[in-house]
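J.: Starting off with a structure, shown below.
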Amino acid sequence: MSTTTLTAPKEQSCTLLAPGHTACTGCGEALAAKLVLGAAGTNIIVTDATGCLEVFTTKFPQSSWEVPFIHSLFENSAAVAAGVEVALKALGRQNEAKVIAQGGDGGTADIGLQALSGMLERGHDILYVCYDNEAYMNTGVQRSGLTPFDCMTTTSPCGELSWGNKHNKKDMPSIAAAHGIPYVATASVAFPKDIENKVKKALSITGPKYMQIHSPCPLGWRSKPQLTIQVAKLAVQTGLYPIFEIENGKVTKVRKVTTPKTPVEEYLKIQGRFAHLFKSPKGKEEIQKIQEIADRNIEKYGLA
Amino acid sequence: MRLDLGAIAKAGSSKANQTGSWRNYKPIFHQVKCIGCGLCKIYCPEGCVTMIEKKKYTVDYTYCKGCGICAEECSSSDIEMIVEEK
Ligand SMILES: Cc1ncc(C[n+]2csc(CCOP(=O)(O)OP(=O)(O)O)c2C)c(N)n1
Ligand code: SF4
Ligand code: SF4
Ligand code: SF4
Ligand SMILES: [Mg+2]
């Protein structure tokens, strides 16, 4: 049996997501993946679902990954990771590498949900990371289960009869937590140290872990590339993207919102995907509904 | 192009793509007011900012796409975006 070494080059100073990837300028997902790898270090094996991250890092025959990386299909990142984890155990090499499964919000909360649920249910020792850019970006900005309310996408267009996406963002972290897993966390590219801490903590825990990172997409959100961090920060500060940890079913830590409260307009108005809400007086009522979503998050997680 | 079984690619080989050619704006690291916070390096989605010494950071223009995040987030406004001249 071959005993190829599983680890990548030891050069800690270089980023483990090599440059030359083809993400759009200012891509939050590229930043998020860079931060996750930086925190996880070289002794990992990663899988990824089809999506922007997979496409922009693997323009064949090139790869940006400096760690072992496997892509198979859109729907099976969690299943592939489960196979890797079981194979490592069968070879008695589970102490050599941690397994990280990755996917976009569509690959995670919609099409890959069954594979993810199986992975969580069977208790695999894997960290699953969902890069949440709130739509199917790689195929041209279609609405996913994690697209927020009233957001304009190509499949939830706005117009005289529509304010955009009619549905609320799916509560994916709670769905993951409902599997009785030891660790669930949300994070944001605006807070890199928090991502680092959470990845390290998750990897120190045995069993299935779920992490969801808010990752602005300048193309799909119609936001300025240089504002990626500010957009992400405002999502957290308004309460629209609650940042928390759930350990063994209990919320153990949250990031507080600003006092006084930052109105959701501050977040919405710098993104073209919400521009329609500011074009007519009736849009005010819709913005009020979005404010209520933020207020409910603040209440639910004790963010004030 | 020949596809090997499993389409295996060499680690880090994307470095062959000189994405700096995409740039419309170019960050200039003045290295004058820098306080060494490291945010430019941490937030760069390309991973192309490096530290030369404690309060001196620089950018690899081979890969910098000119997104402007580093300039926007710099703690001491020591990075300036200028129009790229090609
Ligand atoms: C079974 C299957 N259906 C559809 C596709 C087409 N497809 C490829 S990537 C993608 C969107 C991915 O969206 P998401 O998971 O949110 O990742 P993002 O690109 O936004 O990072 C789709 C629909 C596919 N590859 N396979
Ligand atoms: S479409 Fe969005 S997520 Fe995809 S590479 Fe571009 S900015 Fe990143
Ligand atoms: S402009 Fe963007 S890509 Fe270039 S160094 Fe700054 S953050 Fe990195
Ligand atoms: S962000 Fe600005 S102050 Fe901070 S290290 Fe970079 S150049 Fe220096
Ligand atoms: Mg997506």
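Going through the structure tokens in order, the chains are called A, B, and so on, while each chain numbers its residues from 1 and the ligands are numbered from 1 in the order shown.
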So which residues of stretch 8-71 of chain B fall under strand (DSSP E or B) by DSSP, listed as an NGL selection string?
T.: :B and (10 or 25-29 or 49-53 or 56-59)
J.: Please save all heavy atoms of the selected residues as a compact mmCIF listing (two decimals), in the first residue's frame.
T.:
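The resulting file, result31.txt, is shown below:
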# COMPACT_ATOMS: atom_id res chain seq x y z
N LYS B 10 -1.50 19.76 -9.80
CA LYS B 10 -0.40 19.97 -8.88
C LYS B 10 -0.75 21.06 -7.86
O LYS B 10 -1.29 22.11 -8.23
CB LYS B 10 0.85 20.38 -9.67
CG LYS B 10 2.13 19.96 -9.02
CD LYS B 10 3.29 20.06 -10.00
CE LYS B 10 4.59 20.03 -9.24
NZ LYS B 10 5.03 21.33 -8.76
N TYR B 25 -7.39 49.32 -10.97
CA TYR B 25 -6.83 50.23 -9.96
C TYR B 25 -5.68 49.51 -9.27
O TYR B 25 -5.67 48.28 -9.16
CB TYR B 25 -7.89 50.63 -8.93
CG TYR B 25 -8.99 51.44 -9.53
CD1 TYR B 25 -10.16 50.83 -10.00
CD2 TYR B 25 -8.87 52.83 -9.67
CE1 TYR B 25 -11.17 51.57 -10.59
CE2 TYR B 25 -9.88 53.58 -10.25
CZ TYR B 25 -11.02 52.95 -10.71
OH TYR B 25 -12.01 53.69 -11.29
N LYS B 26 -4.76 50.30 -8.79
CA LYS B 26 -3.54 49.72 -8.24
C LYS B 26 -3.29 50.27 -6.84
O LYS B 26 -3.32 51.49 -6.65
CB LYS B 26 -2.42 50.16 -9.19
CG LYS B 26 -1.05 49.67 -8.87
CD LYS B 26 -0.09 50.17 -9.94
CE LYS B 26 1.26 49.55 -9.74
NZ LYS B 26 2.14 49.81 -10.88
N PRO B 27 -3.08 49.41 -5.85
CA PRO B 27 -2.81 49.93 -4.51
C PRO B 27 -1.35 50.35 -4.37
O PRO B 27 -0.45 49.62 -4.79
CB PRO B 27 -3.11 48.73 -3.61
CG PRO B 27 -2.83 47.53 -4.46
CD PRO B 27 -3.10 47.93 -5.89
N ILE B 28 -1.14 51.54 -3.82
CA ILE B 28 0.22 51.98 -3.53
C ILE B 28 0.40 51.94 -2.02
O ILE B 28 -0.32 52.62 -1.29
CB ILE B 28 0.47 53.43 -4.05
CG1 ILE B 28 0.13 53.55 -5.54
CG2 ILE B 28 1.91 53.86 -3.77
CD1 ILE B 28 1.00 52.73 -6.48
N PHE B 29 1.32 51.12 -1.56
CA PHE B 29 1.61 51.02 -0.12
C PHE B 29 2.66 52.09 0.19
O PHE B 29 3.83 51.91 -0.14
CB PHE B 29 2.13 49.62 0.22
CG PHE B 29 1.04 48.58 0.28
CD1 PHE B 29 0.24 48.32 -0.82
CD2 PHE B 29 0.82 47.85 1.44
CE1 PHE B 29 -0.77 47.35 -0.77
CE2 PHE B 29 -0.18 46.88 1.51
CZ PHE B 29 -0.98 46.63 0.40
N VAL B 49 -0.49 40.15 -0.18
CA VAL B 49 0.17 41.19 0.61
C VAL B 49 1.14 40.50 1.56
O VAL B 49 0.80 39.49 2.18
CB VAL B 49 -0.85 42.03 1.42
CG1 VAL B 49 -0.15 43.04 2.31
CG2 VAL B 49 -1.84 42.72 0.49
N THR B 50 2.35 41.02 1.67
CA THR B 50 3.32 40.43 2.59
C THR B 50 3.95 41.49 3.49
O THR B 50 3.98 42.67 3.14
CB THR B 50 4.47 39.70 1.84
OG1 THR B 50 4.92 40.54 0.79
CG2 THR B 50 4.03 38.37 1.29
N MET B 51 4.45 41.03 4.63
CA MET B 51 5.11 41.93 5.56
C MET B 51 6.62 41.87 5.29
O MET B 51 7.19 40.79 5.25
CB MET B 51 4.82 41.47 6.99
CG MET B 51 5.38 42.40 8.04
SD MET B 51 4.99 41.84 9.72
CE MET B 51 6.32 40.69 10.00
N ILE B 52 7.22 43.03 5.10
CA ILE B 52 8.67 43.06 4.92
C ILE B 52 9.33 43.19 6.29
O ILE B 52 10.25 42.50 6.63
CB ILE B 52 9.13 44.26 4.06
CG1 ILE B 52 8.30 44.37 2.77
CG2 ILE B 52 10.62 44.19 3.75
CD1 ILE B 52 8.49 45.68 2.03
N GLU B 53 8.84 44.13 7.05
CA GLU B 53 9.22 44.24 8.46
C GLU B 53 8.01 44.76 9.21
O GLU B 53 6.95 44.98 8.61
CB GLU B 53 10.44 45.16 8.63
CG GLU B 53 10.26 46.53 8.00
CD GLU B 53 11.53 47.36 7.98
OE1 GLU B 53 12.46 47.03 7.21
OE2 GLU B 53 11.57 48.33 8.75
N LYS B 56 6.04 47.69 7.70
CA LYS B 56 6.27 47.82 6.27
C LYS B 56 5.65 46.64 5.54
O LYS B 56 6.12 45.51 5.68
CB LYS B 56 7.78 47.88 6.03
CG LYS B 56 8.18 48.69 4.82
CD LYS B 56 9.69 48.70 4.71
CE LYS B 56 10.21 50.03 4.18
NZ LYS B 56 11.66 50.01 4.04
N TYR B 57 4.58 46.93 4.83
CA TYR B 57 3.90 45.87 4.07
C TYR B 57 3.99 46.18 2.58
O TYR B 57 4.05 47.34 2.18
CB TYR B 57 2.43 45.77 4.51
CG TYR B 57 2.27 45.06 5.83
CD1 TYR B 57 2.68 45.66 7.02
CD2 TYR B 57 1.73 43.77 5.89
CE1 TYR B 57 2.56 45.00 8.23
CE2 TYR B 57 1.59 43.11 7.10
CZ TYR B 57 2.02 43.71 8.26
OH TYR B 57 1.89 43.05 9.45
N THR B 58 3.97 45.12 1.78
CA THR B 58 4.04 45.34 0.34
C THR B 58 3.12 44.36 -0.39
O THR B 58 2.59 43.44 0.20
CB THR B 58 5.50 45.22 -0.16
OG1 THR B 58 5.55 45.69 -1.52
CG2 THR B 58 5.99 43.77 -0.13
N VAL B 59 2.94 44.63 -1.69
CA VAL B 59 1.98 43.85 -2.46
C VAL B 59 2.68 43.21 -3.67
O VAL B 59 3.59 43.81 -4.24
CB VAL B 59 0.80 44.73 -2.89
CG1 VAL B 59 1.28 46.01 -3.56
CG2 VAL B 59 -0.15 44.01 -3.85
J.: Within 6 Å of chain B, which residues of chain A show up? Give each one with its shortest atom-to-atom distance in Å (one decimal) and the two atoms involved, counting only C-alpha atoms, rows by chain then rising residue number, as a tab-separated table.
T.:
residue	atom	partner	partner_atom	distance
A:Ala18	CA	B:Gly12	CA	5.3
A:Pro19	CA	B:Glu46	CA	5.4
A:Gly20	CA	B:Asn17	CA	4.6
A:His21	CA	B:Ser14	CA	5.9
A:Thr25	CA	B:Cys67	CA	5.1
A:Gly26	CA	B:Cys67	CA	5.0
A:Ala30	CA	B:Pro45	CA	5.5
A:Leu31	CA	B:Pro45	CA	4.2
A:Pro61	CA	B:Ala9	CA	5.4
A:Gln62	CA	B:Ser14	CA	4.9
A:Ser63	CA	B:Ser14	CA	5.1
A:Ser64	CA	B:Gly12	CA	4.5
A:Trp65	CA	B:Gly12	CA	5.4
A:Glu66	CA	B:Ala11	CA	4.9
A:Pro225	CA	B:Cys67	CA	5.5
A:Gln226	CA	B:Ile69	CA	4.3
J.: Go ahead and save the residues from that selection, with all heavy atoms, as a short mmCIF file (atom, residue, chain, number, x, y, z; two decimals), in the first residue's frame.
T.:
data_model
loop_
_atom_site.label_atom_id
_atom_site.label_comp_id
_atom_site.auth_asym_id
_atom_site.auth_seq_id
_atom_site.Cartn_x
_atom_site.Cartn_y
_atom_site.Cartn_z
N ALA A 18 -3.34 29.26 -2.79
CA ALA A 18 -2.35 29.98 -3.59
C ALA A 18 -3.00 31.06 -4.45
O ALA A 18 -4.14 30.91 -4.89
CB ALA A 18 -1.60 29.00 -4.48
N PRO A 19 -2.28 32.17 -4.68
CA PRO A 19 -2.80 33.19 -5.58
C PRO A 19 -2.85 32.66 -7.02
O PRO A 19 -2.36 31.57 -7.31
CB PRO A 19 -1.78 34.33 -5.45
CG PRO A 19 -0.55 33.71 -4.92
CD PRO A 19 -0.98 32.52 -4.11
N GLY A 20 -3.44 33.47 -7.88
CA GLY A 20 -3.62 33.02 -9.25
C GLY A 20 -4.99 32.37 -9.43
O GLY A 20 -5.35 31.96 -10.53
N HIS A 21 -5.76 32.29 -8.33
CA HIS A 21 -7.14 31.79 -8.47
C HIS A 21 -7.95 32.84 -9.22
O HIS A 21 -7.55 34.01 -9.30
CB HIS A 21 -7.75 31.45 -7.11
CG HIS A 21 -7.91 32.61 -6.17
ND1 HIS A 21 -8.80 33.63 -6.40
CD2 HIS A 21 -7.29 32.92 -5.00
CE1 HIS A 21 -8.72 34.51 -5.41
NE2 HIS A 21 -7.80 34.10 -4.56
N THR A 25 -12.77 40.14 -8.39
CA THR A 25 -12.09 41.06 -7.47
C THR A 25 -12.97 41.31 -6.24
O THR A 25 -14.16 41.52 -6.36
CB THR A 25 -11.83 42.43 -8.15
OG1 THR A 25 -13.02 42.81 -8.83
CG2 THR A 25 -10.70 42.37 -9.12
N GLY A 26 -12.34 41.23 -5.08
CA GLY A 26 -13.05 41.51 -3.84
C GLY A 26 -13.95 40.38 -3.36
O GLY A 26 -14.83 40.58 -2.53
N ALA A 30 -13.39 33.80 -1.50
CA ALA A 30 -11.95 33.53 -1.61
C ALA A 30 -11.27 33.89 -0.30
O ALA A 30 -10.42 33.15 0.21
CB ALA A 30 -11.35 34.33 -2.77
N LEU A 31 -11.67 35.03 0.26
CA LEU A 31 -11.10 35.47 1.53
C LEU A 31 -11.44 34.48 2.65
O LEU A 31 -10.57 34.08 3.43
CB LEU A 31 -11.63 36.88 1.87
CG LEU A 31 -11.31 37.42 3.25
CD1 LEU A 31 -9.82 37.44 3.52
CD2 LEU A 31 -11.90 38.83 3.41
N PRO A 61 -5.49 22.64 -15.93
CA PRO A 61 -4.83 21.72 -15.01
C PRO A 61 -4.17 22.40 -13.80
O PRO A 61 -3.19 21.88 -13.29
CB PRO A 61 -3.79 21.07 -15.90
CG PRO A 61 -3.37 22.18 -16.84
CD PRO A 61 -4.58 23.05 -17.02
N GLN A 62 -4.72 23.53 -13.36
CA GLN A 62 -4.11 24.20 -12.21
C GLN A 62 -4.96 24.01 -10.95
O GLN A 62 -6.15 23.75 -11.04
CB GLN A 62 -3.97 25.69 -12.49
CG GLN A 62 -3.01 25.98 -13.63
CD GLN A 62 -3.24 27.35 -14.23
OE1 GLN A 62 -4.17 28.06 -13.87
NE2 GLN A 62 -2.37 27.72 -15.15
N SER A 63 -4.31 24.22 -9.81
CA SER A 63 -5.04 24.18 -8.54
C SER A 63 -4.44 25.20 -7.59
O SER A 63 -3.23 25.42 -7.58
CB SER A 63 -4.92 22.79 -7.91
OG SER A 63 -5.37 22.84 -6.57
N SER A 64 -5.30 25.85 -6.82
CA SER A 64 -4.82 26.82 -5.82
C SER A 64 -4.59 26.15 -4.47
O SER A 64 -4.13 26.79 -3.54
CB SER A 64 -5.85 27.94 -5.63
OG SER A 64 -5.98 28.68 -6.81
N TRP A 65 -4.99 24.90 -4.37
CA TRP A 65 -4.95 24.25 -3.06
C TRP A 65 -3.54 23.74 -2.76
O TRP A 65 -2.96 23.03 -3.56
CB TRP A 65 -5.98 23.12 -2.99
CG TRP A 65 -7.36 23.66 -3.23
CD1 TRP A 65 -7.97 23.85 -4.45
CD2 TRP A 65 -8.27 24.16 -2.26
NE1 TRP A 65 -9.21 24.42 -4.28
CE2 TRP A 65 -9.43 24.63 -2.94
CE3 TRP A 65 -8.24 24.26 -0.86
CZ2 TRP A 65 -10.52 25.18 -2.28
CZ3 TRP A 65 -9.34 24.81 -0.20
CH2 TRP A 65 -10.45 25.26 -0.91
N GLU A 66 -3.04 24.12 -1.59
CA GLU A 66 -1.72 23.66 -1.15
C GLU A 66 -1.88 22.52 -0.15
O GLU A 66 -0.93 22.11 0.51
CB GLU A 66 -0.94 24.82 -0.49
CG GLU A 66 -0.67 26.00 -1.43
CD GLU A 66 0.59 25.84 -2.27
OE1 GLU A 66 1.09 24.71 -2.41
OE2 GLU A 66 1.07 26.87 -2.80
N PRO A 225 -16.47 46.10 -4.84
CA PRO A 225 -15.48 45.12 -4.34
C PRO A 225 -14.71 45.62 -3.12
O PRO A 225 -14.42 44.84 -2.21
CB PRO A 225 -14.53 44.90 -5.52
CG PRO A 225 -15.08 45.64 -6.68
CD PRO A 225 -16.30 46.38 -6.29
N GLN A 226 -14.40 46.92 -3.09
CA GLN A 226 -13.61 47.41 -1.95
C GLN A 226 -14.44 47.44 -0.66
O GLN A 226 -13.89 47.60 0.43
CB GLN A 226 -13.00 48.79 -2.25
CG GLN A 226 -13.95 49.95 -2.33
CD GLN A 226 -14.48 50.19 -3.75
OE1 GLN A 226 -14.60 49.26 -4.53
NE2 GLN A 226 -14.79 51.43 -4.07
#
J.: When the cut-off is 8 Å and you count only C-alpha atoms and all ligand atoms, which residues lie near ligand 2, shown as a ChimeraX atom specification?
T.: /A:22-30,51-53,56,133,137-138,140-141,215-221
J.: List all protein, DNA and RNA residues that have any atom at most 9 Å from ligand 1, counting only C-alpha atoms and all ligand atoms, and write the list as a PyMOL selection string.
T.: chain A and resi 29+49-55+73-75+103-112+130-144+146+217+220
J.: Would you please work out which residue, of A:Val254, A:Ile298, A:Ile246, A:Leu277, is nearest to A:Ser162 when using only C-alpha atoms?
T.: A:Leu277
J.: Using only C-alpha atoms, which residues sit within 10 Å of B:Lys86 once same-chain residues fewer than 2 positions away are excluded, as a VMD selection string?
T.: chain B and resid 21 23 to 24 83 to 84
J.: Go ahead and save the picked residues with all heavy atoms, as a CSV table (one decimal), in the first residue's frame.
T.:
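Final file, result_38.csv:
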chain,number,residue,atom,x,y,z
B,21,SER,N,-3.0,41.1,-14.2
B,21,SER,CA,-3.4,41.7,-15.4
B,21,SER,C,-4.8,42.2,-15.5
B,21,SER,O,-5.2,42.9,-16.3
B,21,SER,CB,-3.1,40.8,-16.6
B,21,SER,OG,-4.0,39.6,-16.5
B,23,ARG,N,-6.2,44.1,-13.3
B,23,ARG,CA,-6.3,45.3,-12.5
B,23,ARG,C,-6.7,46.5,-13.2
B,23,ARG,O,-6.2,46.8,-14.3
B,23,ARG,CB,-4.9,45.5,-11.8
B,23,ARG,CG,-5.0,45.9,-10.4
B,23,ARG,CD,-3.6,46.0,-9.7
B,23,ARG,NE,-2.5,46.2,-10.6
B,23,ARG,CZ,-1.5,45.4,-10.8
B,23,ARG,NH1,-1.5,44.2,-10.1
B,23,ARG,NH2,-0.5,45.7,-11.6
B,24,ASN,N,-7.7,47.3,-12.7
B,24,ASN,CA,-8.0,48.6,-13.2
B,24,ASN,C,-7.5,49.7,-12.3
B,24,ASN,O,-7.2,50.8,-12.7
B,24,ASN,CB,-9.5,48.8,-13.3
B,24,ASN,CG,-10.1,47.9,-14.4
B,24,ASN,OD1,-9.5,47.7,-15.4
B,24,ASN,ND2,-11.3,47.4,-14.2
B,83,VAL,N,-5.3,54.9,-10.5
B,83,VAL,CA,-5.7,54.2,-11.8
B,83,VAL,C,-4.5,53.5,-12.4
B,83,VAL,O,-3.4,54.0,-12.4
B,83,VAL,CB,-6.3,55.2,-12.8
B,83,VAL,CG1,-6.6,54.6,-14.1
B,83,VAL,CG2,-7.6,55.9,-12.2
B,84,GLU,N,-4.7,52.3,-12.8
B,84,GLU,CA,-3.7,51.5,-13.4
B,84,GLU,C,-3.3,52.0,-14.8
B,84,GLU,O,-4.2,52.3,-15.6
B,84,GLU,CB,-4.1,50.0,-13.5
B,84,GLU,CG,-3.2,49.1,-14.2
B,84,GLU,CD,-2.1,48.6,-13.3
B,84,GLU,OE1,-2.3,48.3,-12.1
B,84,GLU,OE2,-0.9,48.4,-13.8
J.: Would you mind listing, for every residue of stretch 64-126 of chain A within 12 Å of stretch 33-43 of chain A, the two atoms forming the shortest contact and the distance between them in Å to one decimal, using only C-alpha atoms, sorted by chain and ascending residue number, as JSON lines?
T.:
{"residue": "A:Ser64", "atom": "CA", "partner": "A:Lys34", "partner_atom": "CA", "distance": 10.3}
{"residue": "A:Trp65", "atom": "CA", "partner": "A:Leu37", "partner_atom": "CA", "distance": 9.4}
{"residue": "A:Glu66", "atom": "CA", "partner": "A:Thr42", "partner_atom": "CA", "distance": 8.0}
{"residue": "A:Val67", "atom": "CA", "partner": "A:Thr42", "partner_atom": "CA", "distance": 6.3}
{"residue": "A:Pro68", "atom": "CA", "partner": "A:Thr42", "partner_atom": "CA", "distance": 9.0}
{"residue": "A:Phe69", "atom": "CA", "partner": "A:Leu37", "partner_atom": "CA", "distance": 11.6}
{"residue": "A:Arg93", "atom": "CA", "partner": "A:Asn43", "partner_atom": "CA", "distance": 11.8}
{"residue": "A:Gln94", "atom": "CA", "partner": "A:Asn43", "partner_atom": "CA", "distance": 10.8}
{"residue": "A:Asn95", "atom": "CA", "partner": "A:Asn43", "partner_atom": "CA", "distance": 9.4}
{"residue": "A:Glu96", "atom": "CA", "partner": "A:Asn43", "partner_atom": "CA", "distance": 6.7}
{"residue": "A:Ala97", "atom": "CA", "partner": "A:Asn43", "partner_atom": "CA", "distance": 4.8}
{"residue": "A:Lys98", "atom": "CA", "partner": "A:Asn43", "partner_atom": "CA", "distance": 6.5}
{"residue": "A:Val99", "atom": "CA", "partner": "A:Asn43", "partner_atom": "CA", "distance": 8.9}
{"residue": "A:Ile100", "atom": "CA", "partner": "A:Ala40", "partner_atom": "CA", "distance": 9.0}
{"residue": "A:Ala101", "atom": "CA", "partner": "A:Val36", "partner_atom": "CA", "distance": 11.4}
{"residue": "A:Gln102", "atom": "CA", "partner": "A:Ala33", "partner_atom": "CA", "distance": 9.1}
{"residue": "A:Gly103", "atom": "CA", "partner": "A:Ala33", "partner_atom": "CA", "distance": 10.5}
{"residue": "A:Gly104", "atom": "CA", "partner": "A:Ala33", "partner_atom": "CA", "distance": 11.0}
J.: Create the file for the chosen residues now, containing C-alpha atoms and written as a PDB file, in the first residue's frame.
T.:
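The file below, part_26.pdb, is the result:
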ATOM      1  CA  SER A  64      -4.820  26.818  -5.823  1.00  0.00           C
ATOM      2  CA  TRP A  65      -4.948  24.246  -3.057  1.00  0.00           C
ATOM      3  CA  GLU A  66      -1.717  23.661  -1.146  1.00  0.00           C
ATOM      4  CA  VAL A  67      -3.396  20.874   0.838  1.00  0.00           C
ATOM      5  CA  PRO A  68      -4.947  17.629  -0.429  1.00  0.00           C
ATOM      6  CA  PHE A  69      -8.236  18.601  -2.094  1.00  0.00           C
ATOM      7  CA  ARG A  93      -3.963   7.105   9.920  1.00  0.00           C
ATOM      8  CA  GLN A  94      -6.698   9.263  11.438  1.00  0.00           C
ATOM      9  CA  ASN A  95      -4.165  11.128  13.558  1.00  0.00           C
ATOM     10  CA  GLU A  96      -2.318  12.372  10.485  1.00  0.00           C
ATOM     11  CA  ALA A  97      -4.975  14.683   9.064  1.00  0.00           C
ATOM     12  CA  LYS A  98      -8.246  16.392   9.946  1.00  0.00           C
ATOM     13  CA  VAL A  99     -11.006  16.367   7.357  1.00  0.00           C
ATOM     14  CA  ILE A 100     -12.793  19.548   6.258  1.00  0.00           C
ATOM     15  CA  ALA A 101     -15.788  19.454   3.923  1.00  0.00           C
ATOM     16  CA  GLN A 102     -16.792  22.645   2.143  1.00  0.00           C
ATOM     17  CA  GLY A 103     -19.670  23.909   0.074  1.00  0.00           C
ATOM     18  CA  GLY A 104     -21.520  27.037  -0.956  1.00  0.00           C
TER      19      GLY A 104
END
J.: To test your reading of the structure, identify every residue in stretch 12-196 of chain A that backbone DSSP assigns to alpha helix (DSSP H), and report it as a ChimeraX atom specification.
T.: /A:28-40,52-57,77-90,105,113-121,172-177,192-196
J.: Identify which of the residues A:Val251, A:Ala87, A:Ile229, A:Val257 lies closest to ligand 3, counting only C-alpha atoms and all ligand atoms when measuring atom-to-atom distances.
T.: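 Looking only at the distances to ligand 3, the closest residue turns out to be A:Ile229.
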J.: Neighbours of ligand 4 within 6 Å, counting only C-alpha atoms and all ligand atoms, as a PDB file with N, CA, C and O atoms, in the first residue's frame?
T.:
ATOM      1  N   CYS B  34       2.106  53.586   8.289  1.00  0.00           N
ATOM      2  CA  CYS B  34       1.760  52.209   8.676  1.00  0.00           C
ATOM      3  C   CYS B  34       2.029  51.955  10.165  1.00  0.00           C
ATOM      4  O   CYS B  34       3.085  52.287  10.674  1.00  0.00           O
ATOM      5  N   ILE B  35       1.017  51.364  10.834  1.00  0.00           N
ATOM      6  CA  ILE B  35       1.194  51.034  12.251  1.00  0.00           C
ATOM      7  C   ILE B  35       1.414  49.522  12.442  1.00  0.00           C
ATOM      8  O   ILE B  35       1.456  49.019  13.565  1.00  0.00           O
ATOM      9  N   GLY B  36       1.471  48.808  11.336  1.00  0.00           N
ATOM     10  CA  GLY B  36       1.763  47.372  11.421  1.00  0.00           C
ATOM     11  C   GLY B  36       0.606  46.517  11.909  1.00  0.00           C
ATOM     12  O   GLY B  36       0.818  45.446  12.471  1.00  0.00           O
ATOM     13  N   CYS B  37      -0.632  46.958  11.673  1.00  0.00           N
ATOM     14  CA  CYS B  37      -1.787  46.199  12.170  1.00  0.00           C
ATOM     15  C   CYS B  37      -1.983  44.890  11.397  1.00  0.00           C
ATOM     16  O   CYS B  37      -2.593  43.951  11.893  1.00  0.00           O
ATOM     17  N   GLY B  38      -1.505  44.832  10.170  1.00  0.00           N
ATOM     18  CA  GLY B  38      -1.593  43.601   9.379  1.00  0.00           C
ATOM     19  C   GLY B  38      -2.933  43.376   8.696  1.00  0.00           C
ATOM     20  O   GLY B  38      -3.129  42.345   8.040  1.00  0.00           O
ATOM     21  N   LEU B  39      -3.871  44.319   8.830  1.00  0.00           N
ATOM     22  CA  LEU B  39      -5.206  44.103   8.249  1.00  0.00           C
ATOM     23  C   LEU B  39      -5.156  43.934   6.736  1.00  0.00           C
ATOM     24  O   LEU B  39      -5.904  43.148   6.154  1.00  0.00           O
ATOM     25  N   CYS B  40      -4.269  44.680   6.072  1.00  0.00           N
ATOM     26  CA  CYS B  40      -4.163  44.582   4.605  1.00  0.00           C
ATOM     27  C   CYS B  40      -3.845  43.146   4.195  1.00  0.00           C
ATOM     28  O   CYS B  40      -4.413  42.614   3.246  1.00  0.00           O
ATOM     29  N   LYS B  55       6.499  47.412  10.410  1.00  0.00           N
ATOM     30  CA  LYS B  55       5.598  48.454   9.924  1.00  0.00           C
ATOM     31  C   LYS B  55       5.804  48.736   8.443  1.00  0.00           C
ATOM     32  O   LYS B  55       5.766  49.877   7.996  1.00  0.00           O
ATOM     33  N   TYR B  57       4.577  46.932   4.825  1.00  0.00           N
ATOM     34  CA  TYR B  57       3.898  45.871   4.071  1.00  0.00           C
ATOM     35  C   TYR B  57       3.988  46.184   2.582  1.00  0.00           C
ATOM     36  O   TYR B  57       4.047  47.343   2.178  1.00  0.00           O
ATOM     37  N   CYS B  74      -7.325  49.770   5.644  1.00  0.00           N
ATOM     38  CA  CYS B  74      -6.062  50.155   6.289  1.00  0.00           C
ATOM     39  C   CYS B  74      -6.312  51.059   7.497  1.00  0.00           C
ATOM     40  O   CYS B  74      -7.025  52.051   7.399  1.00  0.00           O
ATOM     41  N   SER B  75      -5.710  50.706   8.622  1.00  0.00           N
ATOM     42  CA  SER B  75      -5.939  51.434   9.880  1.00  0.00           C
ATOM     43  C   SER B  75      -5.414  52.849   9.840  1.00  0.00           C
ATOM     44  O   SER B  75      -5.834  53.688  10.622  1.00  0.00           O
ATOM     45  N   SER B  76      -4.447  53.135   8.965  1.00  0.00           N
ATOM     46  CA  SER B  76      -3.845  54.467   8.991  1.00  0.00           C
ATOM     47  C   SER B  76      -3.898  55.162   7.626  1.00  0.00           C
ATOM     48  O   SER B  76      -3.126  56.078   7.368  1.00  0.00           O
ATOM     49  N   ASP B  78      -2.809  54.433   4.791  1.00  0.00           N
ATOM     50  CA  ASP B  78      -1.458  54.498   4.229  1.00  0.00           C
ATOM     51  C   ASP B  78      -1.382  53.798   2.864  1.00  0.00           C
ATOM     52  O   ASP B  78      -0.316  53.681   2.273  1.00  0.00           O
TER      53      ASP B  78
END
J.: How far is it from atom CA of A:Gly92 to atom CA of A:Leu203, in Å with one decimal?
T.: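 If I compute the distance from atom CA of A:Gly92 to atom CA of A:Leu203, I get 18.7 Å.
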J.: Have a look at A:Thr153, A:Pro173, A:Lys201, A:Lys224 and name the one nearest to ligand 3; count only C-alpha atoms and all ligand atoms.
T.: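 Residue with the minimum atom-to-atom distance to ligand 3: A:Lys224.
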J.: Would you list the contacts of A:Ile195 as a CSV table (one decimal) with C-alpha atoms, in the first residue's frame, taking every protein, DNA or RNA residue within 10 Å and counting only C-alpha atoms, but skipping same-chain residues closer than 3 positions in sequence?
T.:
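Output below, filename part_29.csv:
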chain,number,residue,atom,x,y,z
A,32,ALA,CA,-13.1,33.1,3.8
A,35,LEU,CA,-8.8,32.3,6.4
A,36,VAL,CA,-10.2,28.8,7.1
A,38,GLY,CA,-4.8,29.6,7.4
A,39,ALA,CA,-6.4,28.6,10.7
A,185,ALA,CA,-20.9,28.2,14.7
A,186,THR,CA,-21.6,31.2,12.4
A,187,ALA,CA,-18.9,33.6,11.4
A,188,SER,CA,-18.2,36.5,9.0
A,189,VAL,CA,-15.2,37.5,6.8
A,190,ALA,CA,-15.4,40.9,8.6
A,191,PHE,CA,-14.0,39.1,11.7
A,192,PRO,CA,-11.0,37.0,10.7
A,198,LYS,CA,-13.7,28.9,15.6
A,199,VAL,CA,-11.9,26.8,13.1
A,200,LYS,CA,-9.2,25.9,15.7
A,201,LYS,CA,-11.8,25.1,18.3
A,211,MET,CA,-19.7,26.3,10.5
A,212,GLN,CA,-21.4,28.9,8.3
A,213,ILE,CA,-19.4,31.9,7.1
